[in-house]
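A.B. asks: mmCIF, N, CA and C atoms; chains and numbers go by the auth columns, saved as coords-v3.cif, coming up:
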```cif
data_start
loop_
_atom_site.group_PDB
_atom_site.id
_atom_site.type_symbol
_atom_site.label_atom_id
_atom_site.label_comp_id
_atom_site.label_asym_id
_atom_site.label_seq_id
_atom_site.Cartn_x
_atom_site.Cartn_y
_atom_site.Cartn_z
_atom_site.B_iso_or_equiv
_atom_site.auth_seq_id
_atom_site.auth_asym_id
ATOM 1 N N MET A 1 6.008 1.658 -25.003 0.00 13 A
ATOM 2 C CA MET A 1 4.924 1.846 -24.072 0.00 13 A
ATOM 3 C C MET A 1 5.042 0.818 -22.949 0.00 13 A
ATOM 4 N N ALA A 2 4.804 1.262 -21.728 0.00 14 A
ATOM 5 C CA ALA A 2 4.957 0.394 -20.561 0.00 14 A
ATOM 6 C C ALA A 2 3.796 -0.598 -20.469 0.00 14 A
ATOM 7 N N SER A 3 4.103 -1.811 -20.060 0.00 15 A
ATOM 8 C CA SER A 3 3.057 -2.807 -19.810 0.00 15 A
ATOM 9 C C SER A 3 2.974 -3.119 -18.322 0.00 15 A
ATOM 10 N N LEU A 4 3.730 -2.361 -17.513 0.00 16 A
ATOM 11 C CA LEU A 4 3.737 -2.535 -16.064 0.00 16 A
ATOM 12 C C LEU A 4 3.491 -1.180 -15.412 0.00 16 A
ATOM 13 N N PHE A 5 2.470 -1.131 -14.568 0.00 17 A
ATOM 14 C CA PHE A 5 2.119 0.104 -13.877 0.00 17 A
ATOM 15 C C PHE A 5 2.005 -0.178 -12.386 0.00 17 A
ATOM 16 N N ASN A 6 2.526 0.716 -11.562 0.00 18 A
ATOM 17 C CA ASN A 6 2.359 0.632 -10.121 0.00 18 A
ATOM 18 C C ASN A 6 1.091 1.386 -9.748 0.00 18 A
ATOM 19 N N VAL A 7 0.310 0.835 -8.810 0.00 19 A
ATOM 20 C CA VAL A 7 -0.952 1.431 -8.387 0.00 19 A
ATOM 21 C C VAL A 7 -0.738 2.062 -7.014 0.00 19 A
ATOM 22 N N HIS A 8 -0.998 3.371 -6.932 0.00 20 A
ATOM 23 C CA HIS A 8 -0.796 4.129 -5.698 0.00 20 A
ATOM 24 C C HIS A 8 -2.092 4.839 -5.318 0.00 20 A
ATOM 25 N N CYS A 9 -2.199 5.197 -4.037 0.00 21 A
ATOM 26 C CA CYS A 9 -3.333 5.974 -3.553 0.00 21 A
ATOM 27 C C CYS A 9 -2.966 7.455 -3.569 0.00 21 A
ATOM 28 N N MET A 10 -3.862 8.285 -4.062 0.00 22 A
ATOM 29 C CA MET A 10 -3.622 9.724 -4.089 0.00 22 A
ATOM 30 C C MET A 10 -3.755 10.339 -2.701 0.00 22 A
ATOM 31 N N LEU A 11 -4.494 9.692 -1.800 0.00 23 A
ATOM 32 C CA LEU A 11 -4.746 10.266 -0.478 0.00 23 A
ATOM 33 C C LEU A 11 -3.678 9.872 0.534 0.00 23 A
ATOM 34 N N CYS A 12 -3.425 8.583 0.686 0.00 24 A
ATOM 35 C CA CYS A 12 -2.459 8.137 1.704 0.00 24 A
ATOM 36 C C CYS A 12 -1.085 7.803 1.125 0.00 24 A
ATOM 37 N N GLY A 13 -0.987 7.672 -0.208 0.00 25 A
ATOM 38 C CA GLY A 13 0.297 7.421 -0.851 0.00 25 A
ATOM 39 C C GLY A 13 0.773 5.984 -0.795 0.00 25 A
ATOM 40 N N ARG A 14 -0.028 5.094 -0.258 0.00 26 A
ATOM 41 C CA ARG A 14 0.386 3.693 -0.143 0.00 26 A
ATOM 42 C C ARG A 14 0.301 2.983 -1.486 0.00 26 A
ATOM 43 N N HIS A 15 1.060 1.916 -1.602 0.00 27 A
ATOM 44 C CA HIS A 15 1.073 1.092 -2.805 0.00 27 A
ATOM 45 C C HIS A 15 0.023 0.004 -2.645 0.00 27 A
ATOM 46 N N SER A 16 -0.838 -0.137 -3.644 0.00 28 A
ATOM 47 C CA SER A 16 -1.883 -1.160 -3.596 0.00 28 A
ATOM 48 C C SER A 16 -1.541 -2.384 -4.416 0.00 28 A
ATOM 49 N N GLY A 17 -0.711 -2.221 -5.422 0.00 29 A
ATOM 50 C CA GLY A 17 -0.354 -3.351 -6.271 0.00 29 A
ATOM 51 C C GLY A 17 0.206 -2.878 -7.586 0.00 29 A
ATOM 52 N N GLN A 18 0.083 -3.740 -8.589 0.00 30 A
ATOM 53 C CA GLN A 18 0.579 -3.434 -9.916 0.00 30 A
ATOM 54 C C GLN A 18 -0.385 -3.951 -10.964 0.00 30 A
ATOM 55 N N VAL A 19 -0.367 -3.296 -12.116 0.00 31 A
ATOM 56 C CA VAL A 19 -1.098 -3.771 -13.285 0.00 31 A
ATOM 57 C C VAL A 19 -0.041 -4.262 -14.259 0.00 31 A
ATOM 58 N N ARG A 20 -0.070 -5.578 -14.531 0.00 32 A
ATOM 59 C CA ARG A 20 0.874 -6.202 -15.457 0.00 32 A
ATOM 60 C C ARG A 20 0.091 -6.746 -16.637 0.00 32 A
ATOM 61 N N ASN A 21 0.399 -6.230 -17.813 0.00 33 A
ATOM 62 C CA ASN A 21 -0.276 -6.671 -19.052 0.00 33 A
ATOM 63 C C ASN A 21 -1.794 -6.636 -18.913 0.00 33 A
ATOM 64 N N GLY A 22 -2.312 -5.585 -18.269 0.00 34 A
ATOM 65 C CA GLY A 22 -3.754 -5.405 -18.143 0.00 34 A
ATOM 66 C C GLY A 22 -4.407 -6.134 -16.994 0.00 34 A
ATOM 67 N N THR A 23 -3.633 -6.852 -16.159 0.00 35 A
ATOM 68 C CA THR A 23 -4.185 -7.599 -15.021 0.00 35 A
ATOM 69 C C THR A 23 -3.682 -6.997 -13.715 0.00 35 A
ATOM 70 N N PHE A 24 -4.609 -6.673 -12.804 0.00 36 A
ATOM 71 C CA PHE A 24 -4.245 -6.110 -11.509 0.00 36 A
ATOM 72 C C PHE A 24 -3.743 -7.213 -10.584 0.00 36 A
ATOM 73 N N GLN A 25 -2.606 -6.967 -9.953 0.00 37 A
ATOM 74 C CA GLN A 25 -2.050 -7.888 -8.956 0.00 37 A
ATOM 75 C C GLN A 25 -1.870 -7.113 -7.660 0.00 37 A
ATOM 76 N N ARG A 26 -2.664 -7.478 -6.657 0.00 38 A
ATOM 77 C CA ARG A 26 -2.619 -6.785 -5.368 0.00 38 A
ATOM 78 C C ARG A 26 -1.390 -7.218 -4.587 0.00 38 A
ATOM 79 N N LEU A 27 -0.783 -6.272 -3.872 0.00 39 A
ATOM 80 C CA LEU A 27 0.320 -6.629 -2.982 0.00 39 A
ATOM 81 C C LEU A 27 -0.218 -7.498 -1.859 0.00 39 A
ATOM 82 N N SER A 28 0.590 -8.419 -1.382 0.00 40 A
ATOM 83 C CA SER A 28 0.139 -9.316 -0.311 0.00 40 A
ATOM 84 C C SER A 28 -0.124 -8.559 0.980 0.00 40 A
ATOM 85 N N THR A 29 0.493 -7.399 1.154 0.00 41 A
ATOM 86 C CA THR A 29 0.327 -6.612 2.382 0.00 41 A
ATOM 87 C C THR A 29 -0.819 -5.608 2.285 0.00 41 A
ATOM 88 N N ALA A 30 -1.436 -5.478 1.119 0.00 42 A
ATOM 89 C CA ALA A 30 -2.507 -4.499 0.920 0.00 42 A
ATOM 90 C C ALA A 30 -3.875 -5.161 1.014 0.00 42 A
ATOM 91 N N PRO A 31 -4.844 -4.473 1.645 0.00 43 A
ATOM 92 C CA PRO A 31 -6.203 -5.025 1.660 0.00 43 A
ATOM 93 C C PRO A 31 -6.826 -4.913 0.264 0.00 43 A
ATOM 94 N N PRO A 32 -7.836 -5.705 -0.021 0.00 44 A
ATOM 95 C CA PRO A 32 -8.501 -5.609 -1.330 0.00 44 A
ATOM 96 C C PRO A 32 -9.043 -4.198 -1.558 0.00 44 A
ATOM 97 N N HIS A 33 -8.970 -3.722 -2.800 0.00 45 A
ATOM 98 C CA HIS A 33 -9.479 -2.381 -3.079 0.00 45 A
ATOM 99 C C HIS A 33 -10.995 -2.378 -3.035 0.00 45 A
ATOM 100 N N ARG A 34 -11.557 -1.222 -2.787 0.00 46 A
ATOM 101 C CA ARG A 34 -13.001 -1.044 -2.715 0.00 46 A
ATOM 102 C C ARG A 34 -13.509 -0.526 -4.055 0.00 46 A
ATOM 103 N N THR A 35 -14.769 -0.727 -4.324 0.00 47 A
ATOM 104 C CA THR A 35 -15.383 -0.157 -5.522 0.00 47 A
ATOM 105 C C THR A 35 -16.489 0.774 -5.066 0.00 47 A
ATOM 106 N N GLN A 36 -16.396 2.034 -5.509 0.00 48 A
ATOM 107 C CA GLN A 36 -17.390 3.038 -5.135 0.00 48 A
ATOM 108 C C GLN A 36 -17.745 3.833 -6.386 0.00 48 A
ATOM 109 N N ALA A 37 -19.015 3.872 -6.708 0.00 49 A
ATOM 110 C CA ALA A 37 -19.506 4.572 -7.901 0.00 49 A
ATOM 111 C C ALA A 37 -18.793 4.082 -9.158 0.00 49 A
ATOM 112 N N GLY A 38 -18.512 2.776 -9.220 0.00 50 A
ATOM 113 C CA GLY A 38 -17.888 2.187 -10.396 0.00 50 A
ATOM 114 C C GLY A 38 -16.390 2.416 -10.516 0.00 50 A
ATOM 115 N N ARG A 39 -15.759 2.983 -9.482 0.00 51 A
ATOM 116 C CA ARG A 39 -14.323 3.241 -9.519 0.00 51 A
ATOM 117 C C ARG A 39 -13.621 2.504 -8.385 0.00 51 A
ATOM 118 N N SER A 40 -12.415 2.061 -8.666 0.00 52 A
ATOM 119 C CA SER A 40 -11.626 1.391 -7.641 0.00 52 A
ATOM 120 C C SER A 40 -11.077 2.417 -6.661 0.00 52 A
ATOM 121 N N ARG A 41 -11.117 2.056 -5.367 0.00 53 A
ATOM 122 C CA ARG A 41 -10.631 2.932 -4.303 0.00 53 A
ATOM 123 C C ARG A 41 -9.599 2.182 -3.472 0.00 53 A
ATOM 124 N N CYS A 42 -8.772 2.918 -2.776 0.00 54 A
ATOM 125 C CA CYS A 42 -7.727 2.351 -1.924 0.00 54 A
ATOM 126 C C CYS A 42 -8.353 1.496 -0.827 0.00 54 A
ATOM 127 N N GLY A 43 -7.806 0.304 -0.609 0.00 55 A
ATOM 128 C CA GLY A 43 -8.293 -0.578 0.443 0.00 55 A
ATOM 129 C C GLY A 43 -7.893 -0.105 1.827 0.00 55 A
ATOM 130 N N PHE A 44 -6.868 0.740 1.917 0.00 56 A
ATOM 131 C CA PHE A 44 -6.418 1.265 3.212 0.00 56 A
ATOM 132 C C PHE A 44 -7.314 2.408 3.684 0.00 56 A
ATOM 133 N N CYS A 45 -7.536 3.403 2.813 0.00 57 A
ATOM 134 C CA CYS A 45 -8.214 4.624 3.265 0.00 57 A
ATOM 135 C C CYS A 45 -9.432 5.015 2.426 0.00 57 A
ATOM 136 N N GLY A 46 -9.644 4.377 1.279 0.00 58 A
ATOM 137 C CA GLY A 46 -10.773 4.719 0.415 0.00 58 A
ATOM 138 C C GLY A 46 -10.476 5.833 -0.573 0.00 58 A
ATOM 139 N N GLY A 47 -9.215 6.273 -0.643 0.00 59 A
ATOM 140 C CA GLY A 47 -8.829 7.336 -1.569 0.00 59 A
ATOM 141 C C GLY A 47 -8.796 6.861 -3.013 0.00 59 A
ATOM 142 N N SER A 48 -8.659 7.820 -3.925 0.00 60 A
ATOM 143 C CA SER A 48 -8.580 7.511 -5.354 0.00 60 A
ATOM 144 C C SER A 48 -7.236 6.873 -5.687 0.00 60 A
ATOM 145 N N LEU A 49 -7.247 5.941 -6.619 0.00 61 A
ATOM 146 C CA LEU A 49 -6.027 5.271 -7.046 0.00 61 A
ATOM 147 C C LEU A 49 -5.546 5.855 -8.369 0.00 61 A
ATOM 148 N N TYR A 50 -4.239 5.837 -8.567 0.00 62 A
ATOM 149 C CA TYR A 50 -3.682 6.245 -9.852 0.00 62 A
ATOM 150 C C TYR A 50 -2.603 5.272 -10.271 0.00 62 A
ATOM 151 N N LEU A 51 -2.355 5.229 -11.571 0.00 63 A
ATOM 152 C CA LEU A 51 -1.336 4.351 -12.140 0.00 63 A
ATOM 153 C C LEU A 51 -0.091 5.161 -12.450 0.00 63 A
ATOM 154 N N GLU A 52 1.062 4.572 -12.149 0.00 64 A
ATOM 155 C CA GLU A 52 2.338 5.186 -12.488 0.00 64 A
ATOM 156 C C GLU A 52 3.090 4.200 -13.367 0.00 64 A
ATOM 157 N N ALA A 53 3.444 4.627 -14.570 0.00 65 A
ATOM 158 C CA ALA A 53 4.132 3.736 -15.503 0.00 65 A
ATOM 159 C C ALA A 53 5.466 3.288 -14.933 0.00 65 A
ATOM 160 N N GLU A 54 5.827 2.045 -15.190 0.00 66 A
ATOM 161 C CA GLU A 54 7.071 1.480 -14.667 0.00 66 A
ATOM 162 C C GLU A 54 8.286 2.240 -15.175 0.00 66 A
ATOM 163 N N ASP A 55 8.184 2.851 -16.345 0.00 67 A
ATOM 164 C CA ASP A 55 9.335 3.580 -16.868 0.00 67 A
ATOM 165 C C ASP A 55 9.467 4.976 -16.256 0.00 67 A
ATOM 166 N N SER A 56 8.596 5.297 -15.293 0.00 68 A
ATOM 167 C CA SER A 56 8.696 6.566 -14.582 0.00 68 A
ATOM 168 C C SER A 56 9.943 6.551 -13.703 0.00 68 A
ATOM 169 N N PRO A 57 10.630 7.690 -13.535 0.00 69 A
ATOM 170 C CA PRO A 57 11.831 7.704 -12.686 0.00 69 A
ATOM 171 C C PRO A 57 11.533 7.443 -11.217 0.00 69 A
ATOM 172 N N PHE A 58 10.263 7.555 -10.802 0.00 70 A
ATOM 173 C CA PHE A 58 9.899 7.358 -9.404 0.00 70 A
ATOM 174 C C PHE A 58 9.370 5.967 -9.100 0.00 70 A
ATOM 175 N N SER A 59 9.161 5.151 -10.105 0.00 71 A
ATOM 176 C CA SER A 59 8.535 3.846 -9.899 0.00 71 A
ATOM 177 C C SER A 59 9.560 2.763 -9.597 0.00 71 A
ATOM 178 N N ARG A 60 9.078 1.649 -9.067 0.00 72 A
ATOM 179 C CA ARG A 60 9.921 0.490 -8.777 0.00 72 A
ATOM 180 C C ARG A 60 9.055 -0.761 -8.829 0.00 72 A
ATOM 181 N N ASP A 61 9.687 -1.904 -9.046 0.00 73 A
ATOM 182 C CA ASP A 61 8.960 -3.167 -9.121 0.00 73 A
ATOM 183 C C ASP A 61 8.584 -3.591 -7.709 0.00 73 A
ATOM 184 N N LEU A 62 7.306 -3.484 -7.369 0.00 74 A
ATOM 185 C CA LEU A 62 6.856 -3.743 -6.005 0.00 74 A
ATOM 186 C C LEU A 62 6.853 -5.222 -5.654 0.00 74 A
ATOM 187 N N SER A 63 6.983 -6.100 -6.629 0.00 75 A
ATOM 188 C CA SER A 63 6.991 -7.530 -6.329 0.00 75 A
ATOM 189 C C SER A 63 8.275 -7.942 -5.621 0.00 75 A
ATOM 190 N N THR A 64 9.295 -7.084 -5.642 0.00 76 A
ATOM 191 C CA THR A 64 10.557 -7.398 -4.974 0.00 76 A
ATOM 192 C C THR A 64 10.593 -6.884 -3.543 0.00 76 A
ATOM 193 N N PHE A 65 9.563 -6.162 -3.110 0.00 77 A
ATOM 194 C CA PHE A 65 9.554 -5.595 -1.769 0.00 77 A
ATOM 195 C C PHE A 65 9.253 -6.656 -0.719 0.00 77 A
ATOM 196 N N THR A 66 9.897 -6.531 0.415 0.00 78 A
ATOM 197 C CA THR A 66 9.625 -7.386 1.563 0.00 78 A
ATOM 198 C C THR A 66 8.747 -6.596 2.516 0.00 78 A
ATOM 199 N N PRO A 67 7.657 -7.164 3.013 0.00 79 A
ATOM 200 C CA PRO A 67 6.795 -6.414 3.918 0.00 79 A
ATOM 201 C C PRO A 67 7.540 -6.014 5.191 0.00 79 A
ATOM 202 N N ILE A 68 7.267 -4.799 5.650 0.00 80 A
ATOM 203 C CA ILE A 68 7.867 -4.302 6.885 0.00 80 A
ATOM 204 C C ILE A 68 6.945 -4.685 8.028 0.00 80 A
ATOM 205 N N PRO A 69 7.492 -5.287 9.100 0.00 81 A
ATOM 206 C CA PRO A 69 6.634 -5.676 10.213 0.00 81 A
ATOM 207 C C PRO A 69 5.992 -4.452 10.867 0.00 81 A
ATOM 208 N N THR A 70 4.761 -4.602 11.312 0.00 82 A
ATOM 209 C CA THR A 70 4.052 -3.526 11.986 0.00 82 A
ATOM 210 C C THR A 70 4.597 -3.394 13.400 0.00 82 A
ATOM 211 N N PRO A 71 4.925 -2.146 13.838 0.00 83 A
ATOM 212 C CA PRO A 71 5.445 -1.983 15.191 0.00 83 A
ATOM 213 C C PRO A 71 4.397 -2.350 16.229 0.00 83 A
ATOM 214 N N VAL A 72 4.855 -2.923 17.308 0.00 84 A
ATOM 215 C CA VAL A 72 3.976 -3.313 18.409 0.00 84 A
ATOM 216 C C VAL A 72 3.690 -2.065 19.228 0.00 84 A
ATOM 217 N N ALA A 73 2.453 -1.907 19.659 0.00 85 A
ATOM 218 C CA ALA A 73 2.080 -0.740 20.459 0.00 85 A
ATOM 219 C C ALA A 73 2.905 -0.698 21.733 0.00 85 A
ATOM 220 N N ALA A 74 3.286 0.503 22.151 0.00 86 A
ATOM 221 C CA ALA A 74 4.146 0.682 23.326 0.00 86 A
ATOM 222 C C ALA A 74 3.490 0.124 24.581 0.00 86 A
ATOM 223 N N SER A 75 2.176 0.253 24.692 0.00 87 A
ATOM 224 C CA SER A 75 1.495 -0.232 25.890 0.00 87 A
ATOM 225 C C SER A 75 1.537 -1.751 25.989 0.00 87 A
ATOM 226 N N ALA A 76 1.613 -2.436 24.860 0.00 88 A
ATOM 227 C CA ALA A 76 1.645 -3.898 24.882 0.00 88 A
ATOM 228 C C ALA A 76 3.006 -4.416 25.301 0.00 88 A
ATOM 229 N N THR A 77 4.064 -3.656 25.037 0.00 89 A
ATOM 230 C CA THR A 77 5.406 -4.116 25.369 0.00 89 A
ATOM 231 C C THR A 77 5.862 -3.647 26.740 0.00 89 A
ATOM 232 N N ARG A 78 5.176 -2.672 27.317 0.00 90 A
ATOM 233 C CA ARG A 78 5.545 -2.138 28.614 0.00 90 A
ATOM 234 C C ARG A 78 5.260 -3.168 29.689 0.00 90 A
ATOM 235 N N ARG A 79 6.136 -3.291 30.619 0.00 91 A
ATOM 236 C CA ARG A 79 5.918 -4.221 31.735 0.00 91 A
ATOM 237 C C ARG A 79 4.831 -3.658 32.636 0.00 91 A
ATOM 238 N N SER A 80 4.120 -4.523 33.316 0.00 92 A
ATOM 239 C CA SER A 80 2.979 -4.104 34.112 0.00 92 A
ATOM 240 C C SER A 80 3.367 -3.160 35.248 0.00 92 A
ATOM 241 N N GLY A 81 4.544 -3.315 35.835 0.00 93 A
ATOM 242 C CA GLY A 81 4.945 -2.456 36.956 0.00 93 A
ATOM 243 C C GLY A 81 5.727 -1.244 36.524 0.00 93 A
ATOM 244 N N GLN A 82 6.010 -1.086 35.268 0.00 94 A
ATOM 245 C CA GLN A 82 6.834 0.009 34.779 0.00 94 A
ATOM 246 C C GLN A 82 5.953 1.172 34.316 0.00 94 A
ATOM 247 N N ARG A 83 6.337 2.404 34.655 0.00 95 A
ATOM 248 C CA ARG A 83 5.578 3.579 34.243 0.00 95 A
ATOM 249 C C ARG A 83 6.413 4.423 33.303 0.00 95 A
ATOM 250 N N ARG A 84 5.702 5.140 32.449 0.00 96 A
ATOM 251 C CA ARG A 84 6.402 6.049 31.542 0.00 96 A
ATOM 252 C C ARG A 84 6.819 7.291 32.294 0.00 96 A
ATOM 253 N N ALA A 85 7.961 7.863 31.901 0.00 97 A
ATOM 254 C CA ALA A 85 8.415 9.116 32.493 0.00 97 A
ATOM 255 C C ALA A 85 7.552 10.247 31.970 0.00 97 A
ATOM 256 N N SER A 86 7.228 11.205 32.821 0.00 98 A
ATOM 257 C CA SER A 86 6.390 12.338 32.407 0.00 98 A
ATOM 258 C C SER A 86 7.207 13.446 31.843 0.00 98 A
#
```
Show me, as structure tokens, the structure contained in the file I just sent.
C.D. replies:
Amino acid sequence: MASLFNVHCMLCGRHSGQVRNGTFQRLSTAPPHRTQAGRSRCGFCGGSLYLEAEDSPFSRDLSTFTPIPTPVAASATRRSGQRRAS
């Protein structure tokens, strides 16, 4: 029986963290989960969370992931005198 579970959102599909030996560990890149009607919800979108056992063929150890930088908005990087092509 697995003692490591990955926590995913059913709505947006993002990873929220892992449950290791019964203790939830949030990913550093994920916002804290919400509690609604006594149930934990995704911190990104408020969707329902589900557990995926580590021995699942689709799971991976999320503690080894490196956060991906958020892309900068195109308008912020555009020079003030430069216009987009129509």
A.B. asks: Specify the axis-aligned box that encloses all atoms of stretch 51-66 of chain A listed in the file after padding of 8 Å on each side, stating its centre and edge lengths in Å to one decimal as JSON.
C.D. replies:
```
{"center_x": -3.7, "center_y": 3.6, "center_z": -5.9, "size_x": 40.0, "size_y": 24.4, "size_z": 35.2}
```
A.B. asks: To one decimal place in Å, what is the distance between atom N of A:Glu66 and atom N of A:Ala49?
C.D. replies: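 Pair atom N of A:Glu66 / atom N of A:Ala49 returns 26.3 Å.
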A.B. asks: Which polymer residues have any atom within 5 Å of an atom of A:Val31, counting all atoms listed in the file, with same-chain residues fewer than 4 positions away left out, as a list in words?
C.D. replies: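 Residues near the query, excluding close chain neighbours: Leu16, Phe17, Asn18, Thr35, Phe36 and Gln37 of chain A.
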A.B. asks: So how far away is atom N of A:Gln30 from atom CA of A:Ala65, in Å?
C.D. replies: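 Those two atoms sit 11.0 Å apart.
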A.B. asks: Evaluating the PyMOL selection byres (((chain A and resi 55 and name CA) around 6) and name CA) on the displayed file yields which residues, as a list in words?
C.D. replies: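 Output of the PyMOL selection byres (((chain A and resi 55 and name CA) around 6) and name CA): Pro43, Pro44, His45, Arg46, Cys54, Phe56, Cys57 and Gly58 of chain A.
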A.B. asks: Could you tell me how far atom N of A:Gly29 lies from atom C of A:Thr41, in Å and to one decimal?
C.D. replies: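 Going from atom N of A:Gly29 over to atom C of A:Thr41 covers 8.4 Å.
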A.B. asks: Within stretch 41-71 of chain A, find each residue whose DSSP state, derived from the backbone, is strand (DSSP E or B), and express the selection as a list in words.
C.D. replies: Arg46, Thr47, Gln48, Arg51, Ser52, Arg53, Ser60, Leu61, Tyr62, Leu63, Glu64 and Ala65 of chain A
A.B. asks: Taking the file as I've supplied it (selection: the PyMOL selection byres ((chain A and resi 23) around 7)), which residues are included? Please answer as a list in words.
C.D. replies: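 What the PyMOL selection byres ((chain A and resi 23) around 7) grabs from the file is His20, Cys21, Met22, Cys24, Gly25, Arg26, Gly59, Ser60 and Leu61 of chain A.
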